[in-house]
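Asks: So that you have it, the file is target-v6.tsv, and it contains TSV, C-alpha atoms:
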```
chain	number	residue	atom	x	y	z
A	1	MET	CA	13.60	36.01	-49.68
A	2	VAL	CA	13.79	32.71	-51.52
A	3	LEU	CA	17.05	30.94	-52.14
A	4	SER	CA	18.19	30.91	-55.74
A	5	GLN	CA	19.44	27.56	-56.99
A	6	THR	CA	23.12	28.64	-56.85
A	7	ASN	CA	22.77	30.07	-53.35
A	8	SER	CA	20.89	26.99	-52.30
A	9	LEU	CA	23.69	24.68	-53.46
A	10	ALA	CA	26.31	26.88	-51.79
A	11	PHE	CA	24.39	26.88	-48.53
A	12	GLU	CA	23.99	23.11	-48.71
A	13	GLN	CA	27.78	22.78	-49.05
A	14	LEU	CA	28.18	25.09	-46.09
A	15	ILE	CA	25.93	22.92	-43.92
A	16	LYS	CA	27.73	19.74	-45.03
A	17	ARG	CA	31.05	21.32	-44.14
A	18	HIS	CA	30.11	22.47	-40.64
A	19	GLN	CA	27.27	20.20	-39.48
A	20	SER	CA	29.46	17.52	-37.98
A	21	ARG	CA	31.49	19.73	-35.65
A	22	LEU	CA	28.51	21.95	-34.90
A	23	ARG	CA	26.36	19.01	-33.79
A	24	LEU	CA	29.18	17.57	-31.68
A	25	TYR	CA	29.72	21.03	-30.16
A	26	LEU	CA	26.03	21.39	-29.29
A	27	ARG	CA	25.99	17.85	-27.87
A	28	GLY	CA	28.86	18.96	-25.66
A	29	LEU	CA	26.96	22.03	-24.53
A	30	SER	CA	23.54	20.46	-24.07
A	31	GLY	CA	24.51	16.88	-23.18
A	32	ASN	CA	21.60	15.64	-25.27
A	33	ARG	CA	21.76	14.41	-28.85
A	34	ASP	CA	18.22	15.26	-29.94
A	35	THR	CA	18.32	18.72	-28.37
A	36	ALA	CA	21.70	19.32	-30.02
A	37	ASP	CA	20.41	18.37	-33.46
A	38	GLU	CA	17.35	20.61	-33.07
A	39	LEU	CA	19.60	23.48	-32.00
A	40	ALA	CA	21.97	22.78	-34.89
A	41	GLN	CA	19.05	23.03	-37.33
A	42	ASP	CA	17.91	26.29	-35.73
A	43	THR	CA	21.47	27.60	-35.92
A	44	PHE	CA	21.71	26.96	-39.66
A	45	LEU	CA	18.34	28.64	-40.21
A	46	LYS	CA	19.58	31.68	-38.29
A	47	VAL	CA	22.83	31.63	-40.27
A	48	HIS	CA	20.82	31.56	-43.49
A	49	ARG	CA	18.74	34.54	-42.42
A	50	ALA	CA	21.74	36.52	-41.16
A	51	LEU	CA	24.12	35.73	-44.05
A	52	PRO	CA	23.56	39.10	-45.79
A	53	GLN	CA	24.65	40.82	-42.57
A	54	PHE	CA	27.91	38.84	-42.20
A	55	LYS	CA	30.66	41.49	-42.30
A	56	PHE	CA	33.79	39.27	-42.37
A	57	GLN	CA	34.94	40.89	-39.12
A	58	SER	CA	35.54	37.41	-37.73
A	59	SER	CA	36.09	34.05	-39.39
A	60	PHE	CA	32.96	32.45	-40.76
A	61	LYS	CA	33.40	29.46	-38.44
A	62	THR	CA	33.65	31.70	-35.36
A	63	TRP	CA	30.52	33.52	-36.48
A	64	VAL	CA	28.55	30.28	-36.98
A	65	PHE	CA	29.63	28.87	-33.61
A	66	SER	CA	28.79	32.16	-31.87
A	67	ILE	CA	25.27	31.91	-33.30
A	68	ALA	CA	25.12	28.26	-32.15
A	69	ARG	CA	26.19	29.21	-28.63
A	70	ASN	CA	23.60	31.98	-28.44
A	71	THR	CA	20.96	29.58	-29.74
A	72	PHE	CA	21.89	27.12	-27.00
A	73	LEU	CA	21.89	29.84	-24.30
A	74	ASP	CA	18.45	31.07	-25.44
A	75	HIS	CA	17.18	27.51	-25.36
A	76	ALA	CA	18.66	26.90	-21.89
A	77	ARG	CA	17.24	30.16	-20.61
A	78	LEU	CA	13.77	29.53	-22.01
A	79	ALA	CA	13.49	25.91	-21.02
A	80	ASN	CA	15.48	26.42	-17.82
A	81	ASN	CA	16.72	22.93	-18.38
A	82	ARG	CA	20.44	23.34	-18.70
A	83	ALA	CA	21.09	21.59	-15.41
A	84	GLN	CA	18.63	18.84	-16.33
A	85	ASP	CA	20.34	18.31	-19.67
A	86	PHE	CA	23.74	18.00	-18.03
A	87	GLU	CA	22.34	15.51	-15.55
A	88	SER	CA	20.65	13.35	-18.15
A	89	ILE	CA	23.76	11.67	-19.52
A	90	ASP	CA	22.41	8.62	-21.23
A	91	SER	CA	24.38	6.18	-23.33
A	92	ASP	CA	21.56	6.39	-25.91
A	93	ASN	CA	22.66	9.96	-26.60
A	94	PHE	CA	25.74	8.61	-28.29
A	95	ARG	CA	24.33	5.55	-30.01
A	96	PRO	CA	23.22	5.73	-33.65
A	97	ASP	CA	19.45	5.82	-34.01
A	98	PRO	CA	18.43	3.42	-36.83
A	99	SER	CA	15.01	5.12	-37.05
A	100	LYS	CA	16.87	8.20	-38.30
A	101	GLY	CA	18.96	6.17	-40.72
A	102	GLU	CA	22.07	6.55	-38.63
A	103	LYS	CA	24.85	4.16	-39.46
A	104	TYR	CA	26.90	1.90	-37.25
A	105	VAL	CA	29.61	3.63	-35.23
A	106	ALA	CA	32.46	1.71	-33.64
A	107	GLU	CA	31.50	0.59	-30.13
A	108	GLU	CA	34.79	2.00	-28.81
A	109	SER	CA	33.82	5.48	-30.03
A	110	ILE	CA	30.46	5.25	-28.30
A	111	ILE	CA	32.05	4.16	-25.05
A	112	PHE	CA	34.64	6.92	-25.38
A	113	SER	CA	31.85	9.51	-25.87
A	114	ILE	CA	30.13	8.33	-22.71
A	115	ASP	CA	33.38	8.32	-20.73
A	116	LEU	CA	34.31	11.76	-22.01
A	117	GLU	CA	30.88	13.15	-21.10
A	118	ASN	CA	31.19	11.66	-17.61
A	119	ALA	CA	34.73	12.98	-17.26
A	120	MET	CA	33.56	16.45	-18.28
A	121	THR	CA	31.09	16.59	-15.42
A	122	ALA	CA	34.11	16.90	-13.11
A	123	LEU	CA	35.18	20.11	-14.83
A	124	SER	CA	34.15	23.60	-13.82
A	125	GLN	CA	31.69	25.38	-16.10
A	126	ALA	CA	34.45	27.50	-17.65
A	127	GLU	CA	36.75	24.50	-18.14
A	128	ARG	CA	33.95	22.52	-19.74
A	129	GLU	CA	33.15	25.36	-22.12
A	130	VAL	CA	36.78	25.70	-23.14
A	131	ILE	CA	37.07	21.95	-23.81
A	132	VAL	CA	33.82	21.94	-25.80
A	133	HIS	CA	35.01	24.87	-27.91
A	134	CYS	CA	38.62	23.78	-28.43
A	135	TYR	CA	38.23	20.02	-28.79
A	136	LEU	CA	34.64	19.27	-29.80
A	137	ALA	CA	34.18	22.32	-32.04
A	138	ASP	CA	37.85	22.27	-33.07
A	139	LEU	CA	38.19	26.02	-32.63
A	140	THR	CA	41.54	27.66	-31.92
A	141	MET	CA	42.19	29.16	-28.51
A	142	THR	CA	41.94	32.64	-30.03
A	143	GLU	CA	38.56	31.82	-31.58
A	144	THR	CA	37.42	30.28	-28.27
A	145	ALA	CA	38.52	33.41	-26.37
A	146	LYS	CA	36.53	35.57	-28.77
A	147	ILE	CA	33.34	33.49	-28.52
A	148	LEU	CA	33.54	33.14	-24.73
A	149	ASN	CA	34.62	36.75	-24.31
A	150	MET	CA	37.66	35.66	-22.28
A	151	GLN	CA	41.31	36.64	-22.30
A	152	LEU	CA	43.49	34.28	-24.32
A	153	GLY	CA	45.58	33.55	-21.22
A	154	THR	CA	42.45	32.58	-19.28
A	155	VAL	CA	41.43	30.17	-22.02
A	156	LYS	CA	44.90	28.60	-21.96
A	157	THR	CA	44.77	28.22	-18.17
A	158	HIS	CA	41.31	26.63	-18.25
A	159	SER	CA	42.37	24.36	-21.09
A	160	HIS	CA	45.50	23.20	-19.27
A	161	ARG	CA	43.61	22.49	-16.03
A	162	ALA	CA	40.78	20.76	-17.86
A	163	LEU	CA	43.16	18.55	-19.83
A	164	ALA	CA	44.92	17.54	-16.64
A	165	LYS	CA	41.59	16.56	-15.06
A	166	LEU	CA	40.47	14.70	-18.17
A	167	ARG	CA	43.76	12.83	-18.34
A	168	THR	CA	43.14	11.55	-14.83
A	169	SER	CA	39.47	10.76	-15.47
A	170	LEU	CA	40.21	8.94	-18.71
A	171	ALA	CA	43.11	6.99	-17.23
A	172	ALA	CA	41.30	3.71	-17.91
A	173	TRP	CA	41.81	4.29	-21.60
A	174	LYS	CA	45.54	4.33	-21.03
A	175	THR	CA	45.53	0.82	-19.65
A	176	GLN	CA	43.34	-0.53	-22.45
A	177	ASP	CA	45.59	0.63	-25.23
A	178	SER	CA	49.23	1.42	-25.40
A	179	LYS	CA	48.88	5.18	-25.84
A	180	ASN	CA	51.87	7.44	-25.41
A	181	TRP	CA	50.54	9.25	-22.38
A	182	SER	CA	50.32	8.58	-18.71
A	183	VAL	CA	48.25	9.94	-15.84
A	184	SER	CA	51.09	11.58	-13.92
B	1	MET	CA	59.23	23.16	-19.96
B	2	LYS	CA	57.02	21.52	-22.54
B	3	ASP	CA	54.84	18.77	-21.14
B	4	THR	CA	55.21	16.07	-23.80
B	5	ASN	CA	52.99	13.74	-21.81
B	6	MET	CA	50.19	16.32	-21.94
B	7	ASP	CA	50.82	16.88	-25.65
B	8	ALA	CA	50.50	13.15	-26.25
B	9	PHE	CA	47.25	13.06	-24.29
B	10	GLU	CA	45.94	16.07	-26.21
B	11	ALA	CA	46.77	14.44	-29.55
B	12	TRP	CA	45.07	11.23	-28.43
B	13	LEU	CA	41.99	13.18	-27.25
B	14	ILE	CA	41.74	15.00	-30.59
B	15	SER	CA	41.88	11.74	-32.55
B	16	GLU	CA	39.31	10.05	-30.29
B	17	VAL	CA	36.94	13.02	-30.54
B	18	ALA	CA	37.33	13.01	-34.34
B	19	ALA	CA	36.21	9.37	-34.37
B	20	THR	CA	32.95	10.33	-32.64
B	21	LEU	CA	31.94	13.03	-35.14
B	22	PRO	CA	28.28	12.60	-36.14
B	23	GLN	CA	27.70	11.58	-39.76
B	24	ASP	CA	25.38	13.64	-41.92
B	25	ASN	CA	22.66	10.95	-42.29
B	26	GLY	CA	20.22	13.34	-43.95
B	27	PHE	CA	20.83	16.19	-41.54
B	28	THR	CA	21.74	18.61	-44.37
B	29	GLN	CA	18.60	17.72	-46.31
B	30	THR	CA	16.46	18.19	-43.19
B	31	VAL	CA	17.82	21.72	-42.76
B	32	MET	CA	17.46	22.51	-46.47
B	33	ALA	CA	13.85	21.32	-46.38
B	34	ARG	CA	13.13	23.69	-43.51
B	35	ILE	CA	14.51	26.79	-45.26
B	36	PRO	CA	11.67	27.61	-47.72
B	37	GLU	CA	9.08	26.74	-45.07
B	38	HIS	CA	10.88	29.00	-42.61
B	39	THR	CA	10.94	31.96	-45.01
B	40	VAL	CA	7.27	31.45	-45.95
B	41	ILE	CA	6.33	31.55	-42.25
B	42	GLN	CA	8.28	34.77	-41.78
B	43	ARG	CA	6.55	36.27	-44.80
B	44	ALA	CA	3.10	35.19	-43.63
B	45	ARG	CA	3.72	36.65	-40.17
B	46	SER	CA	4.43	40.12	-41.58
B	47	ASP	CA	1.47	40.16	-44.00
B	48	PRO	CA	-1.37	41.09	-41.62
B	49	TRP	CA	0.53	44.19	-40.48
B	50	ASN	CA	1.18	45.27	-44.07
B	51	SER	CA	-2.49	44.81	-44.90
B	52	VAL	CA	-3.65	46.75	-41.84
B	53	SER	CA	-1.34	49.71	-42.55
B	54	LEU	CA	-2.35	49.74	-46.22
B	55	GLY	CA	-6.00	49.65	-45.15
B	56	PHE	CA	-5.47	52.69	-42.91
B	57	CYS	CA	-3.66	54.45	-45.74
B	58	LEU	CA	-6.53	53.71	-48.12
B	59	ALA	CA	-9.12	54.99	-45.64
B	60	ALA	CA	-7.14	58.22	-45.07
B	61	ILE	CA	-6.74	58.89	-48.79
B	62	GLY	CA	-10.44	58.09	-49.30
B	63	ALA	CA	-11.44	60.62	-46.63
B	64	LEU	CA	-9.19	63.30	-48.18
B	65	LEU	CA	-10.55	62.55	-51.66
B	66	PHE	CA	-14.14	62.86	-50.40
B	67	GLN	CA	-13.26	66.21	-48.79
B	68	THR	CA	-11.57	67.66	-51.90
B	69	ALA	CA	-14.06	66.22	-54.37
B	70	SER	CA	-16.95	67.79	-52.45
B	71	GLN	CA	-15.38	71.22	-53.06
B	72	ILE	CA	-15.50	70.80	-56.83
B	73	GLU	CA	-18.31	72.79	-58.50
B	74	PRO	CA	-20.05	70.34	-60.88
B	75	SER	CA	-21.48	73.04	-63.16
B	76	ASP	CA	-18.12	74.49	-64.32
B	77	LEU	CA	-15.70	71.92	-62.79
B	78	SER	CA	-13.91	74.58	-60.75
B	79	GLY	CA	-12.18	73.84	-57.46
B	80	PRO	CA	-9.42	71.41	-56.38
B	81	LEU	CA	-9.65	69.23	-59.49
B	82	ALA	CA	-5.92	68.46	-59.73
B	83	GLN	CA	-5.71	67.43	-56.06
B	84	SER	CA	-8.69	65.15	-56.53
B	85	LEU	CA	-7.06	63.48	-59.53
B	86	VAL	CA	-3.78	62.98	-57.62
B	87	LEU	CA	-5.67	61.51	-54.65
B	88	THR	CA	-7.64	59.22	-56.98
B	89	ALA	CA	-4.36	57.95	-58.51
B	90	ALA	CA	-2.90	57.43	-55.01
B	91	MET	CA	-6.01	55.55	-53.97
B	92	ILE	CA	-5.79	53.26	-57.02
B	93	MET	CA	-2.12	52.49	-56.26
B	94	VAL	CA	-2.75	51.75	-52.59
B	95	SER	CA	-5.76	49.57	-53.47
B	96	TRP	CA	-3.59	47.64	-55.90
B	97	GLN	CA	-0.91	47.09	-53.24
B	98	LEU	CA	-3.51	46.02	-50.70
B	99	GLN	CA	-5.01	43.58	-53.15
B	100	LYS	CA	-1.53	42.11	-53.77
B	101	GLU	CA	-0.95	41.70	-50.04
B	102	LEU	CA	-4.30	40.02	-49.49
B	103	THR	CA	-3.90	37.57	-52.35
B	104	LEU	CA	-0.38	36.42	-51.31
```
Could you render the structure as structure tokens?
Replies:
Amino acid sequence: MVLSQTNSLAFEQLIKRHQSRLRLYLRGLSGNRDTADELAQDTFLKVHRALPQFKFQSSFKTWVFSIARNTFLDHARLANNRAQDFESIDSDNFRPDPSKGEKYVAEESIIFSIDLENAMTALSQAEREVIVHCYLADLTMTETAKILNMQLGTVKTHSHRALAKLRTSLAAWKTQDSKNWSVS
Amino acid sequence: MKDTNMDAFEAWLISEVAATLPQDNGFTQTVMARIPEHTVIQRARSDPWNSVSLGFCLAAIGALLFQTASQIEPSDLSGPLAQSLVLTAAMIMVSWQLQKELTL
């Protein structure tokens, strides 16, 4: 199967639309920028191959992120490096790489990414997954419940607990800026 | 009771996360460049099996053709003439398919 020009342009638009959130989501899951980008590429290739089988039983976004999650789980299983990836939190993971033509990102955003990643290490596995799905991937709680095969109430509970922990862990950000939230 | 403090934190978290979204920086083009290559690899992987099965098919038809053709009486052309012609046509078609597979 070779992409026709119209399909090719449509698929390109599809990648442009979802790549940003998908890469951030996979960074959240893997904890490593390069691994995440490789997995994101593999995900889009799988999506391309499986597109004729998409039955519209779920939203397209949910379907793409389910494929991404399975791609990550396969990778983690094969390489048996999930724990290693989570341990290797490196500030370079969040810095733009000029060799790849990446542009300047505000220093505050980089520091926030590092702080958020560190704060997420204090979460349980389920809480972390819920945060990655709801806030990094920008999925709804219903979509998250479907992908994680959890009850909606369970997702809400994990989300609430995780947010409370993150609010405490990211308390330093409250003192730096005058945000309308407090730790207690 | 609604926790407005938590809502404020959630809103702040969402905006901070949005600021860290990776830019495309050629990512889309990298994926697009991999798509034809990816499909070619898939195609190439399946070719040897197609060729092998077509080869077996050709050998089987050839054996059948030899068997039926040997029953034909050359002096008056009696015997399984029609079967031989059908098998010859089948053999030509399978050979053509095999040739296509091998030249891809």
Asks: Go through chain B and flag each residue having an atom no more than 9 Å from chain A; for those, report the closest pair of atoms plus their distance in Å to one decimal, using all atoms listed in the file, ordered by chain and rising number, as JSON lines.
Replies:
```
{"residue": "B:Thr4", "atom": "CA", "partner": "A:Trp181", "partner_atom": "CA", "distance": 8.4}
{"residue": "B:Asn5", "atom": "CA", "partner": "A:Trp181", "partner_atom": "CA", "distance": 5.1}
{"residue": "B:Met6", "atom": "CA", "partner": "A:Trp181", "partner_atom": "CA", "distance": 7.1}
{"residue": "B:Asp7", "atom": "CA", "partner": "A:Trp181", "partner_atom": "CA", "distance": 8.3}
{"residue": "B:Ala8", "atom": "CA", "partner": "A:Trp181", "partner_atom": "CA", "distance": 5.5}
{"residue": "B:Phe9", "atom": "CA", "partner": "A:Trp181", "partner_atom": "CA", "distance": 5.4}
{"residue": "B:Glu10", "atom": "CA", "partner": "A:Leu163", "partner_atom": "CA", "distance": 7.4}
{"residue": "B:Trp12", "atom": "CA", "partner": "A:Lys179", "partner_atom": "CA", "distance": 7.6}
{"residue": "B:Leu13", "atom": "CA", "partner": "A:Tyr135", "partner_atom": "CA", "distance": 8.0}
{"residue": "B:Ile14", "atom": "CA", "partner": "A:Tyr135", "partner_atom": "CA", "distance": 6.4}
{"residue": "B:Glu16", "atom": "CA", "partner": "A:Ser109", "partner_atom": "CA", "distance": 7.1}
{"residue": "B:Val17", "atom": "CA", "partner": "A:Leu136", "partner_atom": "CA", "distance": 6.7}
{"residue": "B:Ala18", "atom": "CA", "partner": "A:Leu136", "partner_atom": "CA", "distance": 8.2}
{"residue": "B:Ala19", "atom": "CA", "partner": "A:Ser109", "partner_atom": "CA", "distance": 6.3}
{"residue": "B:Thr20", "atom": "CA", "partner": "A:Ser109", "partner_atom": "CA", "distance": 5.6}
{"residue": "B:Leu21", "atom": "CA", "partner": "A:Ser20", "partner_atom": "CA", "distance": 5.9}
{"residue": "B:Pro22", "atom": "CA", "partner": "A:Ser20", "partner_atom": "CA", "distance": 5.4}
{"residue": "B:Gln23", "atom": "CA", "partner": "A:Ser20", "partner_atom": "CA", "distance": 6.4}
{"residue": "B:Asp24", "atom": "CA", "partner": "A:Ser20", "partner_atom": "CA", "distance": 6.9}
{"residue": "B:Asn25", "atom": "CA", "partner": "A:Glu102", "partner_atom": "CA", "distance": 5.8}
{"residue": "B:Gly26", "atom": "CA", "partner": "A:Gly101", "partner_atom": "CA", "distance": 8.0}
{"residue": "B:Phe27", "atom": "CA", "partner": "A:Gln19", "partner_atom": "CA", "distance": 7.9}
{"residue": "B:Thr28", "atom": "CA", "partner": "A:Ile15", "partner_atom": "CA", "distance": 6.0}
{"residue": "B:Gln29", "atom": "CA", "partner": "A:Glu12", "partner_atom": "CA", "distance": 8.0}
{"residue": "B:Thr30", "atom": "CA", "partner": "A:Gln41", "partner_atom": "CA", "distance": 8.0}
{"residue": "B:Val31", "atom": "CA", "partner": "A:Gln41", "partner_atom": "CA", "distance": 5.7}
{"residue": "B:Met32", "atom": "CA", "partner": "A:Glu12", "partner_atom": "CA", "distance": 6.9}
{"residue": "B:Arg34", "atom": "CA", "partner": "A:Leu45", "partner_atom": "CA", "distance": 7.9}
{"residue": "B:Ile35", "atom": "CA", "partner": "A:Leu45", "partner_atom": "CA", "distance": 6.6}
{"residue": "B:Pro36", "atom": "CA", "partner": "A:Val2", "partner_atom": "CA", "distance": 6.7}
{"residue": "B:His38", "atom": "CA", "partner": "A:Leu45", "partner_atom": "CA", "distance": 7.8}
{"residue": "B:Thr39", "atom": "CA", "partner": "A:Met1", "partner_atom": "CA", "distance": 6.7}
{"residue": "B:Val40", "atom": "CA", "partner": "A:Met1", "partner_atom": "CA", "distance": 8.6}
{"residue": "B:Arg43", "atom": "CA", "partner": "A:Met1", "partner_atom": "CA", "distance": 8.6}
```
Asks: Please measure the separation of CA of Ala59 in chain B and CA of Val86 in chain B, giving the value in Å to one decimal.
Replies: 15.4 Å
Asks: Restricting the calculation to only C-alpha atoms: of B:Ser15, B:Gln71, B:Gln97, B:Ser51, which residue gets closest to Gln83 in chain B?
Replies: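 Selected residue with least distance to Gln83 in chain B: B:Gln71.
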Asks: Nearest to Phe66 in chain B: which of B:Leu54, B:Val94, B:Leu87, B:Ala82 is it, counting only C-alpha atoms?
Replies: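 Ranked by minimum distance to Phe66 in chain B, first place goes to B:Leu87.
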Asks: Identify which of the residues A:Ala172, A:Ala79, A:Ile147, A:Thr157 lies closest to Val64 in chain A, counting all atoms listed in the file when measuring atom-to-atom distances.
Replies: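 With all atoms listed in the file as the atom set, the closest residue is A:Ile147.
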Asks: How many Å lie between CA of Glu107 in chain A and CA of Thr140 in chain A, rounded to one decimal?
Replies: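 Atom-to-atom, CA of Glu107 in chain A and CA of Thr140 in chain A are spaced 28.9 Å apart.
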Asks: Between CA of Thr35 in chain A and CA of Asn70 in chain A, what is the distance, to one decimal in Å?
Replies: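 We find that CA of Thr35 in chain A and CA of Asn70 in chain A lie 14.3 Å from each other.
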Asks: Can you tell me, as a VMD selection string, which residues sit within 12 Å of (31.5, 21.2, -14.8) in the file's frame, using all atoms listed in the file?
Replies: chain A and resid 28 to 29 31 82 to 83 86 to 87 117 to 132 158 162 165 to 166
Asks: Enclose the full set of atoms of range 160-169 of chain A listed in the file within a box whose edges lie along x, y and z, apply 6 Å of padding to each of the six sides, and report centre and edge lengths in Å to one decimal as lines of an AutoDock Vina configuration file.
Replies:
```
center_x = 42.5
center_y = 17.0
center_z = -17.3
size_x = 18.0
size_y = 24.4
size_z = 17.0
```
